[in-house]
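Q: structure09.cif (mmCIF, N, CA and C atoms) pasted underneath:
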```
data_structure
#
loop_
_atom_site.label_atom_id
_atom_site.label_comp_id
_atom_site.auth_asym_id
_atom_site.auth_seq_id
_atom_site.Cartn_x
_atom_site.Cartn_y
_atom_site.Cartn_z
N VAL F 24 -52.25 30.38 -86.84
CA VAL F 24 -53.26 30.67 -85.85
C VAL F 24 -52.59 31.19 -84.59
N ASP F 25 -53.35 31.88 -83.79
CA ASP F 25 -52.89 32.33 -82.48
C ASP F 25 -53.53 31.40 -81.45
N LEU F 26 -52.85 30.30 -81.14
CA LEU F 26 -53.42 29.29 -80.25
C LEU F 26 -53.70 29.86 -78.86
N ASP F 27 -52.83 30.73 -78.37
CA ASP F 27 -53.04 31.30 -77.04
C ASP F 27 -54.41 32.00 -76.96
N SER F 28 -54.75 32.81 -77.96
CA SER F 28 -56.04 33.51 -77.98
C SER F 28 -57.20 32.54 -78.14
N MET F 29 -57.01 31.52 -79.00
CA MET F 29 -58.09 30.55 -79.22
C MET F 29 -58.42 29.77 -77.95
N VAL F 30 -57.40 29.36 -77.20
CA VAL F 30 -57.62 28.63 -75.95
C VAL F 30 -58.27 29.56 -74.93
N GLU F 31 -57.77 30.79 -74.85
CA GLU F 31 -58.32 31.77 -73.90
C GLU F 31 -59.80 32.04 -74.17
N LYS F 32 -60.21 32.09 -75.43
CA LYS F 32 -61.60 32.36 -75.81
C LYS F 32 -62.47 31.11 -75.75
N GLY F 33 -61.88 29.93 -75.53
CA GLY F 33 -62.64 28.68 -75.49
C GLY F 33 -62.91 28.09 -76.86
N CYS F 34 -62.22 28.56 -77.88
CA CYS F 34 -62.41 28.06 -79.25
C CYS F 34 -61.55 26.82 -79.52
N ALA F 35 -60.62 26.51 -78.64
CA ALA F 35 -59.73 25.35 -78.81
C ALA F 35 -59.37 24.82 -77.43
N ARG F 36 -59.02 23.55 -77.41
CA ARG F 36 -58.53 22.95 -76.16
C ARG F 36 -57.51 21.87 -76.50
N GLN F 37 -56.68 21.58 -75.54
CA GLN F 37 -55.61 20.59 -75.71
C GLN F 37 -56.16 19.21 -75.40
N LEU F 38 -56.05 18.28 -76.38
CA LEU F 38 -56.55 16.92 -76.18
C LEU F 38 -55.43 15.89 -76.04
N SER F 39 -54.16 16.32 -76.20
CA SER F 39 -53.04 15.39 -75.97
C SER F 39 -51.86 16.18 -75.43
N HIS F 40 -50.92 15.44 -74.89
CA HIS F 40 -49.67 16.09 -74.47
C HIS F 40 -48.91 16.53 -75.71
N VAL F 41 -48.00 17.45 -75.53
CA VAL F 41 -47.12 17.88 -76.62
C VAL F 41 -46.23 16.70 -77.00
N PHE F 42 -46.00 16.51 -78.30
CA PHE F 42 -45.14 15.43 -78.76
C PHE F 42 -44.29 15.93 -79.91
N GLU F 43 -43.09 15.39 -80.01
CA GLU F 43 -42.21 15.76 -81.12
C GLU F 43 -42.62 14.98 -82.35
N VAL F 44 -42.78 15.69 -83.46
CA VAL F 44 -43.14 15.04 -84.71
C VAL F 44 -41.87 14.70 -85.48
N PHE F 45 -40.99 15.69 -85.67
CA PHE F 45 -39.76 15.47 -86.43
C PHE F 45 -38.61 16.22 -85.77
N SER F 46 -37.41 15.70 -86.01
CA SER F 46 -36.18 16.38 -85.62
C SER F 46 -35.27 16.39 -86.84
N PHE F 47 -34.99 17.57 -87.35
CA PHE F 47 -34.14 17.72 -88.53
C PHE F 47 -32.75 18.17 -88.08
N ASP F 48 -31.72 17.62 -88.68
CA ASP F 48 -30.34 18.08 -88.45
C ASP F 48 -29.82 18.60 -89.78
N PHE F 49 -29.93 19.91 -89.96
CA PHE F 49 -29.56 20.52 -91.24
C PHE F 49 -28.05 20.58 -91.43
N GLU F 50 -27.28 20.60 -90.34
CA GLU F 50 -25.82 20.62 -90.48
C GLU F 50 -25.32 19.29 -91.04
N ALA F 51 -25.88 18.19 -90.55
CA ALA F 51 -25.46 16.86 -91.01
C ALA F 51 -26.33 16.37 -92.18
N ASN F 52 -27.29 17.18 -92.60
CA ASN F 52 -28.22 16.83 -93.69
C ASN F 52 -28.97 15.52 -93.40
N ILE F 53 -29.44 15.40 -92.14
CA ILE F 53 -30.21 14.23 -91.73
C ILE F 53 -31.69 14.61 -91.70
N LEU F 54 -32.45 13.96 -92.57
CA LEU F 54 -33.88 14.21 -92.65
C LEU F 54 -34.63 13.00 -92.13
N PRO F 55 -35.59 13.19 -91.24
CA PRO F 55 -36.29 12.05 -90.63
C PRO F 55 -37.27 11.39 -91.58
N ALA F 56 -37.51 10.13 -91.33
CA ALA F 56 -38.51 9.37 -92.10
C ALA F 56 -39.87 9.54 -91.44
N GLY F 57 -40.93 9.26 -92.20
CA GLY F 57 -42.26 9.26 -91.63
C GLY F 57 -42.37 8.16 -90.58
N ARG F 58 -43.33 8.30 -89.69
CA ARG F 58 -43.48 7.31 -88.62
C ARG F 58 -44.88 7.36 -88.05
N THR F 59 -45.17 6.45 -87.15
CA THR F 59 -46.45 6.42 -86.47
C THR F 59 -46.24 6.89 -85.03
N ILE F 60 -47.11 7.78 -84.58
CA ILE F 60 -47.05 8.30 -83.22
C ILE F 60 -48.30 7.84 -82.48
N LYS F 61 -48.13 7.44 -81.24
CA LYS F 61 -49.27 7.05 -80.40
C LYS F 61 -49.62 8.23 -79.49
N LEU F 62 -50.86 8.70 -79.61
CA LEU F 62 -51.35 9.80 -78.78
C LEU F 62 -52.16 9.25 -77.62
N GLN F 63 -52.00 9.85 -76.45
CA GLN F 63 -52.76 9.48 -75.27
C GLN F 63 -53.71 10.64 -74.96
N PRO F 64 -54.99 10.54 -75.36
CA PRO F 64 -55.93 11.65 -75.13
C PRO F 64 -56.04 12.02 -73.65
N LEU F 65 -56.08 13.34 -73.41
CA LEU F 65 -56.22 13.87 -72.05
C LEU F 65 -57.68 13.98 -71.64
N ALA F 66 -58.58 13.92 -72.63
CA ALA F 66 -60.02 14.06 -72.37
C ALA F 66 -60.78 13.45 -73.55
N ASP F 67 -62.06 13.18 -73.34
CA ASP F 67 -62.92 12.76 -74.44
C ASP F 67 -63.12 13.95 -75.36
N GLY F 68 -63.24 13.69 -76.66
CA GLY F 68 -63.50 14.79 -77.58
C GLY F 68 -63.28 14.38 -79.02
N THR F 69 -63.27 15.37 -79.88
CA THR F 69 -63.05 15.17 -81.30
C THR F 69 -61.84 15.98 -81.72
N ILE F 70 -60.86 15.30 -82.31
CA ILE F 70 -59.68 16.00 -82.82
C ILE F 70 -60.05 16.52 -84.20
N THR F 71 -60.18 17.84 -84.30
CA THR F 71 -60.53 18.49 -85.56
C THR F 71 -59.33 19.21 -86.17
N ALA F 72 -58.22 19.26 -85.43
CA ALA F 72 -57.02 19.93 -85.93
C ALA F 72 -55.82 19.53 -85.09
N ILE F 73 -54.66 19.62 -85.71
CA ILE F 73 -53.41 19.50 -84.97
C ILE F 73 -52.65 20.79 -85.20
N VAL F 74 -52.31 21.45 -84.12
CA VAL F 74 -51.54 22.68 -84.18
C VAL F 74 -50.08 22.31 -83.98
N PHE F 75 -49.19 22.89 -84.78
CA PHE F 75 -47.78 22.55 -84.64
C PHE F 75 -46.93 23.80 -84.73
N TRP F 76 -45.73 23.68 -84.18
CA TRP F 76 -44.80 24.80 -84.12
C TRP F 76 -43.39 24.28 -84.20
N TYR F 77 -42.44 25.17 -84.21
CA TYR F 77 -41.04 24.77 -84.32
C TYR F 77 -40.25 25.18 -83.09
N GLU F 78 -39.17 24.47 -82.86
CA GLU F 78 -38.16 24.82 -81.87
C GLU F 78 -36.82 24.65 -82.57
N MET F 79 -36.17 25.75 -82.85
CA MET F 79 -34.86 25.70 -83.53
C MET F 79 -33.76 25.98 -82.51
N HIS F 80 -32.86 25.02 -82.37
CA HIS F 80 -31.72 25.17 -81.47
C HIS F 80 -30.64 25.90 -82.25
N MET F 81 -30.32 27.10 -81.80
CA MET F 81 -29.45 28.00 -82.55
C MET F 81 -27.96 27.85 -82.22
N ASP F 82 -27.65 27.03 -81.22
CA ASP F 82 -26.26 26.78 -80.87
C ASP F 82 -26.06 25.28 -80.66
N PRO F 83 -24.82 24.80 -80.71
CA PRO F 83 -24.57 23.34 -80.61
C PRO F 83 -25.06 22.72 -79.30
N ASP F 84 -25.10 23.50 -78.21
CA ASP F 84 -25.52 22.95 -76.92
C ASP F 84 -27.04 22.98 -76.74
N GLY F 85 -27.76 23.65 -77.64
CA GLY F 85 -29.21 23.73 -77.52
C GLY F 85 -29.68 24.67 -76.43
N ASP F 86 -28.84 25.63 -76.05
CA ASP F 86 -29.22 26.57 -74.99
C ASP F 86 -29.96 27.80 -75.51
N ILE F 87 -29.81 28.10 -76.79
CA ILE F 87 -30.49 29.24 -77.41
C ILE F 87 -31.53 28.68 -78.37
N ILE F 88 -32.79 29.00 -78.10
CA ILE F 88 -33.88 28.41 -78.88
C ILE F 88 -34.77 29.50 -79.47
N LEU F 89 -35.01 29.39 -80.76
CA LEU F 89 -35.98 30.23 -81.46
C LEU F 89 -37.23 29.37 -81.63
N THR F 90 -38.37 29.85 -81.13
CA THR F 90 -39.57 29.02 -81.16
C THR F 90 -40.83 29.86 -81.28
N ASN F 91 -41.85 29.28 -81.86
CA ASN F 91 -43.17 29.89 -81.85
C ASN F 91 -44.14 29.04 -81.02
N TRP F 92 -43.59 28.28 -80.07
CA TRP F 92 -44.36 27.46 -79.14
C TRP F 92 -45.37 28.35 -78.42
N PRO F 93 -46.64 27.96 -78.34
CA PRO F 93 -47.65 28.79 -77.66
C PRO F 93 -47.46 28.76 -76.15
N GLU F 94 -47.68 29.89 -75.52
CA GLU F 94 -47.46 29.99 -74.07
C GLU F 94 -48.53 29.27 -73.26
N CYS F 95 -49.70 28.99 -73.85
CA CYS F 95 -50.79 28.34 -73.11
C CYS F 95 -50.60 26.82 -73.00
N ILE F 96 -49.65 26.26 -73.72
CA ILE F 96 -49.43 24.81 -73.74
C ILE F 96 -48.11 24.49 -73.03
N PRO F 97 -48.12 23.60 -72.04
CA PRO F 97 -46.86 23.24 -71.39
C PRO F 97 -45.90 22.56 -72.37
N PRO F 98 -44.61 22.82 -72.25
CA PRO F 98 -43.64 22.19 -73.16
C PRO F 98 -43.52 20.69 -72.89
N ALA F 99 -43.04 19.97 -73.89
CA ALA F 99 -42.81 18.53 -73.74
C ALA F 99 -41.68 18.28 -72.74
N ASP F 100 -40.73 19.20 -72.69
CA ASP F 100 -39.56 19.08 -71.81
C ASP F 100 -39.43 20.39 -71.04
N PHE F 101 -39.70 20.35 -69.73
CA PHE F 101 -39.70 21.58 -68.93
C PHE F 101 -38.32 22.21 -68.79
N SER F 102 -37.24 21.49 -69.14
CA SER F 102 -35.91 22.11 -69.11
C SER F 102 -35.83 23.23 -70.15
N MET F 103 -36.75 23.20 -71.12
CA MET F 103 -36.79 24.28 -72.11
C MET F 103 -37.01 25.63 -71.45
N MET F 104 -37.70 25.66 -70.32
CA MET F 104 -37.99 26.91 -69.62
C MET F 104 -36.73 27.57 -69.07
N GLU F 105 -35.67 26.79 -68.93
CA GLU F 105 -34.40 27.32 -68.41
C GLU F 105 -33.49 27.81 -69.54
N LYS F 106 -33.92 27.66 -70.78
CA LYS F 106 -33.10 28.03 -71.93
C LYS F 106 -33.28 29.51 -72.26
N ASP F 107 -32.46 30.00 -73.16
CA ASP F 107 -32.55 31.36 -73.67
C ASP F 107 -33.55 31.33 -74.84
N LEU F 108 -34.84 31.58 -74.54
CA LEU F 108 -35.91 31.48 -75.53
C LEU F 108 -36.10 32.79 -76.27
N HIS F 109 -36.25 32.68 -77.57
CA HIS F 109 -36.56 33.83 -78.42
C HIS F 109 -37.82 33.50 -79.19
N ARG F 110 -38.79 34.42 -79.15
CA ARG F 110 -40.07 34.19 -79.82
C ARG F 110 -40.36 35.33 -80.80
N PRO F 111 -40.81 34.97 -81.99
CA PRO F 111 -41.19 36.02 -82.95
C PRO F 111 -42.49 36.70 -82.48
N GLN F 112 -42.70 37.89 -82.92
CA GLN F 112 -43.94 38.59 -82.64
C GLN F 112 -44.58 38.98 -83.96
N PRO F 113 -45.84 38.78 -84.19
CA PRO F 113 -46.77 38.14 -83.26
C PRO F 113 -46.51 36.64 -83.20
N LEU F 114 -46.87 36.05 -82.08
CA LEU F 114 -46.66 34.62 -81.84
C LEU F 114 -47.79 33.84 -82.50
N ARG F 115 -47.47 33.08 -83.54
CA ARG F 115 -48.46 32.31 -84.28
C ARG F 115 -47.95 30.89 -84.52
N GLN F 116 -48.90 29.95 -84.72
CA GLN F 116 -48.56 28.56 -85.00
C GLN F 116 -49.25 28.13 -86.30
N ALA F 117 -48.82 26.99 -86.81
CA ALA F 117 -49.44 26.42 -88.01
C ALA F 117 -50.48 25.39 -87.57
N VAL F 118 -51.41 25.08 -88.46
CA VAL F 118 -52.47 24.14 -88.10
C VAL F 118 -52.82 23.26 -89.29
N CYS F 119 -53.12 22.00 -88.98
CA CYS F 119 -53.61 21.04 -89.97
C CYS F 119 -55.04 20.69 -89.52
N TYR F 120 -56.03 21.11 -90.31
CA TYR F 120 -57.44 20.88 -89.97
C TYR F 120 -57.91 19.54 -90.52
N PHE F 121 -58.76 18.87 -89.75
CA PHE F 121 -59.42 17.65 -90.19
C PHE F 121 -60.90 17.98 -90.39
N GLN F 122 -61.43 17.66 -91.55
CA GLN F 122 -62.81 18.02 -91.86
C GLN F 122 -63.69 16.78 -91.98
N GLY F 123 -64.96 16.96 -91.68
CA GLY F 123 -65.96 15.90 -91.87
C GLY F 123 -65.60 14.62 -91.15
N ASP F 124 -65.66 13.51 -91.89
CA ASP F 124 -65.38 12.20 -91.31
C ASP F 124 -63.91 12.03 -90.93
N TYR F 125 -63.07 12.95 -91.36
CA TYR F 125 -61.65 12.82 -91.06
C TYR F 125 -61.31 13.29 -89.64
N ALA F 126 -62.23 14.03 -88.99
CA ALA F 126 -62.06 14.38 -87.58
C ALA F 126 -62.10 13.08 -86.79
N LYS F 127 -61.33 13.01 -85.72
CA LYS F 127 -61.18 11.74 -84.98
C LYS F 127 -61.78 11.85 -83.58
N GLN F 128 -62.76 10.96 -83.29
CA GLN F 128 -63.31 10.87 -81.94
C GLN F 128 -62.30 10.15 -81.06
N VAL F 129 -62.03 10.70 -79.87
CA VAL F 129 -61.10 10.06 -78.94
C VAL F 129 -61.72 9.97 -77.56
N THR F 130 -61.23 9.02 -76.80
CA THR F 130 -61.67 8.80 -75.42
C THR F 130 -60.47 8.96 -74.50
N LYS F 131 -60.68 9.64 -73.40
CA LYS F 131 -59.59 9.87 -72.45
C LYS F 131 -58.88 8.56 -72.12
N ASP F 132 -57.55 8.61 -72.16
CA ASP F 132 -56.66 7.50 -71.82
C ASP F 132 -56.74 6.31 -72.77
N ASP F 133 -57.48 6.40 -73.87
CA ASP F 133 -57.55 5.33 -74.87
C ASP F 133 -56.65 5.74 -76.03
N PRO F 134 -55.43 5.17 -76.12
CA PRO F 134 -54.46 5.64 -77.12
C PRO F 134 -54.95 5.49 -78.56
N VAL F 135 -54.56 6.45 -79.38
CA VAL F 135 -54.84 6.41 -80.82
C VAL F 135 -53.53 6.66 -81.56
N GLU F 136 -53.42 6.11 -82.74
CA GLU F 136 -52.21 6.29 -83.54
C GLU F 136 -52.49 7.24 -84.69
N ILE F 137 -51.45 7.98 -85.07
CA ILE F 137 -51.51 8.84 -86.24
C ILE F 137 -50.18 8.71 -86.99
N ASN F 138 -50.26 8.61 -88.31
CA ASN F 138 -49.05 8.55 -89.13
C ASN F 138 -48.63 9.98 -89.46
N VAL F 139 -47.34 10.25 -89.33
CA VAL F 139 -46.82 11.58 -89.65
C VAL F 139 -45.76 11.46 -90.73
N GLY F 140 -45.76 12.40 -91.62
CA GLY F 140 -44.78 12.47 -92.70
C GLY F 140 -44.72 13.90 -93.18
N TYR F 141 -44.06 14.11 -94.29
CA TYR F 141 -44.02 15.46 -94.86
C TYR F 141 -43.70 15.35 -96.35
N THR F 142 -44.14 16.36 -97.07
CA THR F 142 -43.78 16.52 -98.47
C THR F 142 -43.29 17.95 -98.61
N LYS F 143 -42.14 18.10 -99.21
CA LYS F 143 -41.50 19.41 -99.32
C LYS F 143 -41.45 20.03 -97.93
N SER F 144 -42.16 21.11 -97.70
CA SER F 144 -42.09 21.75 -96.39
C SER F 144 -43.36 21.58 -95.57
N TRP F 145 -44.28 20.70 -95.99
CA TRP F 145 -45.55 20.56 -95.29
C TRP F 145 -45.65 19.24 -94.54
N PRO F 146 -45.87 19.31 -93.23
CA PRO F 146 -46.11 18.08 -92.47
C PRO F 146 -47.47 17.49 -92.83
N GLN F 147 -47.57 16.19 -92.70
CA GLN F 147 -48.82 15.49 -92.95
C GLN F 147 -49.18 14.66 -91.73
N PHE F 148 -50.46 14.67 -91.39
CA PHE F 148 -50.98 13.88 -90.28
C PHE F 148 -52.11 13.04 -90.85
N VAL F 149 -51.98 11.71 -90.80
CA VAL F 149 -52.94 10.81 -91.44
C VAL F 149 -53.33 9.72 -90.45
N TRP F 150 -54.62 9.57 -90.20
CA TRP F 150 -55.09 8.49 -89.34
C TRP F 150 -54.91 7.16 -90.06
N PRO F 151 -54.38 6.14 -89.41
CA PRO F 151 -54.24 4.82 -90.06
C PRO F 151 -55.59 4.34 -90.59
N GLY F 152 -55.55 3.74 -91.78
CA GLY F 152 -56.77 3.25 -92.40
C GLY F 152 -57.46 4.28 -93.27
N THR F 153 -56.91 5.48 -93.31
CA THR F 153 -57.47 6.52 -94.18
C THR F 153 -56.37 7.00 -95.11
N GLU F 154 -56.76 7.73 -96.11
CA GLU F 154 -55.78 8.24 -97.06
C GLU F 154 -56.22 9.62 -97.50
N MET F 155 -55.29 10.53 -97.58
CA MET F 155 -55.60 11.86 -98.08
C MET F 155 -55.13 11.93 -99.53
N VAL F 156 -55.91 12.59 -100.34
CA VAL F 156 -55.52 12.80 -101.73
C VAL F 156 -55.48 14.29 -101.99
N GLN F 157 -54.75 14.69 -103.01
CA GLN F 157 -54.58 16.09 -103.30
C GLN F 157 -55.31 16.45 -104.60
N ARG F 158 -56.12 17.51 -104.53
CA ARG F 158 -56.78 18.02 -105.72
C ARG F 158 -55.76 18.78 -106.57
N GLU F 159 -56.11 19.08 -107.82
CA GLU F 159 -55.22 19.84 -108.67
C GLU F 159 -54.88 21.20 -108.08
N SER F 160 -55.79 21.74 -107.27
CA SER F 160 -55.57 23.04 -106.63
C SER F 160 -54.54 22.95 -105.51
N GLY F 161 -54.18 21.73 -105.11
CA GLY F 161 -53.24 21.52 -104.00
C GLY F 161 -53.94 21.22 -102.69
N GLU F 162 -55.27 21.41 -102.64
CA GLU F 162 -56.03 21.15 -101.43
C GLU F 162 -56.03 19.66 -101.12
N MET F 163 -55.77 19.32 -99.85
CA MET F 163 -55.81 17.92 -99.42
C MET F 163 -57.23 17.59 -98.98
N ILE F 164 -57.76 16.47 -99.51
CA ILE F 164 -59.12 16.06 -99.15
C ILE F 164 -59.12 14.60 -98.68
#
```
As structure tokens, please, write out the structure in this file.
A:
Amino acid sequence: VDLDSMVEKGCARQLSHVFEVFSFDFEANILPAGRTIKLQPLADGTITAIVFWYEMHMDPDGDIILTNWPECIPPADFSMMEKDLHRPQPLRQAVCYFQGDYAKQVTKDDPVEINVGYTKSWPQFVWPGTEMVQRESGEMI
């Protein structure tokens, strides 16, 4: 998705601060485990999707970054703005949609938890107390 255009058109809005889901170290072959993240909603609303992107540190010092981070969302760490940023064109992000009862109602400043994990190359976002299952087609329901 093009989050910048969606926010500009009023089709999307930010309901939480940016948070790191995973950090992979491919040189040391360190893969993170799933975990629970606590989100602090910025406003009342319904979370119908989580948009995610990558930040790849291309040098050992982390000064050169390849990212598809959307420009309309402030970074989790503002020191990133001082780095040598490289962005692909067109600038697009990935999205995990929540449908029906799986969308989550949130209240400003009332924290909610979400479990994060991944299978192969796909991140998973699961509200505690719910479970996603996969159809034969691969669709998660």
Q: Using the chain letters and numbers from the file, give me the residues hit by the PyMOL selection byres (((chain F and resi 121-138 and name CA) around 6) and name CA), as a ChimeraX atom specification.
A: /F:58-72,120,139,148-150
Q: Nearest residue to Ser46 in chain F out of F:Tyr77, F:Trp92, F:Phe101, F:Trp145, using only C-alpha atoms?
A: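 Nearest to Ser46 in chain F: F:Tyr77.
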Q: I'd like the interatomic distance between atom C of Lys32 in chain F and atom N of Ala117 in chain F, to a tenth of an Å.
A: 18.0 Å
Q: Kindly give the distance, in Å, that separates CA of Met79 in chain F and atom N of Asn91 in chain F, rounded to a single decimal.
A: 8.0 Å
Q: Using all atoms listed in the file and a cutoff of 7 Å, can you tell me which residues are near (-35.2, 31.4, -74.6) in the file's coordinates, and write them out as a list of chain:residue names?
A: F:Asp86, F:Ile87, F:Ile88, F:Leu89, F:Met103, F:Met104, F:Glu105, F:Lys106, F:Asp107, F:Leu108, F:His109, F:Arg110
Q: Using only N, CA and C atoms for the distances, tell me which of F:Pro93, F:Pro111, F:Gly152, F:Gly140 is nearest to Asp25 in chain F.
A: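 Closest candidate: F:Pro93.
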Q: So which bits of chain F end up strand (DSSP E or B) when you DSSP the backbone, as a ChimeraX atom specification?
A: /F:48,53,58-62,68-70,72-75,78-80,87-90,107-109,117-120,127-129,135-142,145-149,157,163
Q: Please provide the set of residues having any atom within 8 Å of Val118 in chain F, restricted to only C-alpha atoms, with same-chain residues fewer than 4 positions apart removed, written as an MDAnalysis selection string.
A: chainID F and resid 24 72:75
